[in-house]
Amino acid sequence: MKIRVRFAPSPTGQVHIGNIRTAIFNYLFARHVGGEFLLRIEDTDLERSTREAIDKLLECMDWLKLDYDGEIFYQSAQADKHRAAAAELMASGDAYYGAADESGKRPIFFRLPLNLPDGRTVRTVGPAELALHAETPVEITPGGIHYGALSAKGKPMPTVSALAGMRDLVLRDGAGQVLFELAPVLSRVLAGESFRITGAALASFTRREVYYHDLVKGELAKPLDGMKDQVIVRSDGSPVFHLANVLDDIAQGVTHIIRGDDHVENTYRHLLLFEVFKATPPQYAHLPMIVNAAGKPYSKRDGDAFVGDFRSRGFLAPALFNYLALLGWSPGDDREKLSLEEMVAAFQLERVKSAPAQFDIRKLSNLNGLYVAEMPTDAFTALAREYAPEFAAHPAFAAVAALMQNRTKALDQVRDWRYFFADDFSRDEKNSRKQLTRPEIRNALAILAEKLAGLSDWTEAAVMQLLEQTEAAVGLDHGKLFQPVRLAVTGVAGGAELDRTLCLIGREAVLRRLDAALTLYQGTE
RNA sequence: GUCCCUAUCGUCUAGAGGCCUAGGACACCGGGUUUUCAUCCCGGCAACCGGGGUUCGAAUCCCCGUGGGGAUGCCA
């Protein structure tokens, strides 16, 4: 059978890196096994889903080259099918109406199947006993068994278990006397009858559990008595995520579900839904969450975790893709910078970690710098123009870009190139004051300006020579003049080679700025 | 509260009982190259959460604690 995975985001806002990382893992897995990578837009929440969000999502996927197979599947278009499926469940007794809301409308609950035999999804664990808070009456209703579980402190904790979890329930009082047996009256309960038992101190039943093998987390199981029936159609008639999700996965023939860790608990319910719909459950793989620099889950406050933000800050799509792929996964050797082909070739769900991974912007920056450095100069220059449209047309732009490429980590640094093109750059005041107020430096700068003004041959070599001559003339050590000159002309203490920088800025501008700096820091010592 | 998952340098990670004196990368700190800055090169700092087992031998297996994460919705 053809392996098929899907990325199923809800278009309710910006695209979060955690989401896109899920898409990346799905994509890598699909390409690795030669399967299909489908895109499903889960836009059932019409209140929050917007066209803009869908466009934004598509734009992000396009940017990262997450090309999907086939047509986009819109969940909202399936609503009628979802409701029809719920009606089927009603007819077969696998679903029932719950209590009405304020307006008198009733939601539909999915009843955890009572008679699913031991098999691929459910298995019998063995006899189990549960201590109850005897003063709290036990209520047996068609919607489940309500009771007060006994806390460590002897307090009652209101709990509901699905009927399926305790279908052979026996209730006893403190003396061991049997108070109630569920099995003989189960059909009456299913027909709508309720029972109320007081004084029960012990519940015994045969424990059964839902189980599956998670491709990243391994063997996982949850006892049925720890589960509750689930709303699948809201009282307003709209299908709930669980129903829609499972039905769509069946409709699309999804074989492997790769999603966030936060869905593991849902999996048990979904497995049961697959069973009642007579579908073969897919394989599951749950990915660890990505947490912020503080090790905490991303919240609204961490507004910088959107894919669009990384793009505008000048991160390259392949670099972000590469970095995100490495969050929770590694190829197993020491490679970190991997091409798409290498990632596809090495990707295995078995190698995915199970603990949350912390996002580190510094490591991303470093990786991005590696990708920037290997760009063809033309491509880098063109991209740089996009990040600094105000200088893009400047005649020296291409030369500046070529000079600055290998020291650029992220494209937003292009905005710091202002001093190459305009006089109104910002100055490192502290450093400037320290250097440009010293008399011997000021003297040297004045002499340098004079020499530069008369220089016939404005080349890097000639400029460098003048710099050295000036240092020698005023008795400064080699290199002592570089920093002040740089500060006067560019406003900052660091940058590309000084001679090349000065040449690109041009004689007139250099002289103008030398003069301006001398005036600016005059008498401030 | 309860249930589930998880735990190696500050961070991402390698590690499948002996290859571990625990490897790589980012960050950080030094040195070299550059008569300045950065790149680059070399070097350094730095971890098996704690306690019990199992074993001739444990980062690796088991149990208990602790920390972190998730779930517990008519959100997805």
# chains A, B, ... in the order shown; residues from 1 in each chain; ligands from 1
$ residues_around --residues "Leu190 of chain A" --least-positions-apart "6" --cutoff "10 Å" --atoms "only C-alpha atoms (C1' of nucleotides)" --output "number ranges by chain"
A: 93, 96, 141-144, 163
$ interface_residues --of "chain A" --to "chain B" --cutoff "7 Å" --atoms "only C-alpha atoms (C1' of nucleotides)" --output "PyMOL selection string"
chain A and resi 107+231+234-235+241+261-262+265+327+332-334+354-356+360+362-363+406-407+478-479+482-483+494-498
$ select_by_dssp --residues "segment 214-247 of chain A" --states "alpha helix (DSSP H)" --output "PyMOL selection string"
chain A and resi 241-247
$ residues_around --residues "Asp248 of chain A" --least-positions-apart "6" --cutoff "10 Å" --atoms "only C-alpha atoms (C1' of nucleotides)" --output "PyMOL selection string"
chain A and resi 40+42+73-75+78+81-82+254
$ residues_around --residues "segment 367-384 of chain A" --least-positions-apart "3" --cutoff "12 Å" --atoms "only C-alpha atoms (C1' of nucleotides)" --output "ChimeraX atom specification"
/A:310-324,326,336-339,360-364,387-393,396-417 /B:25-26,39
$ select_by_dssp --residues "segment 2-212 of chain A" --states "strand (DSSP E or B)" --output "ChimeraX atom specification"
/A:4-7,16,36-41,73-74,95-97,108-110,122-132,138-141,144-150,156-161,170-172,178-181,195-197,202-212
$ residues_around --residues "Gly218 of chain A" --least-positions-apart "2" --cutoff "12 Å" --atoms "only C-alpha atoms (C1' of nucleotides)" --output "ChimeraX atom specification"
/A:211-216,220-221,264,283-286,349-354 /B:5
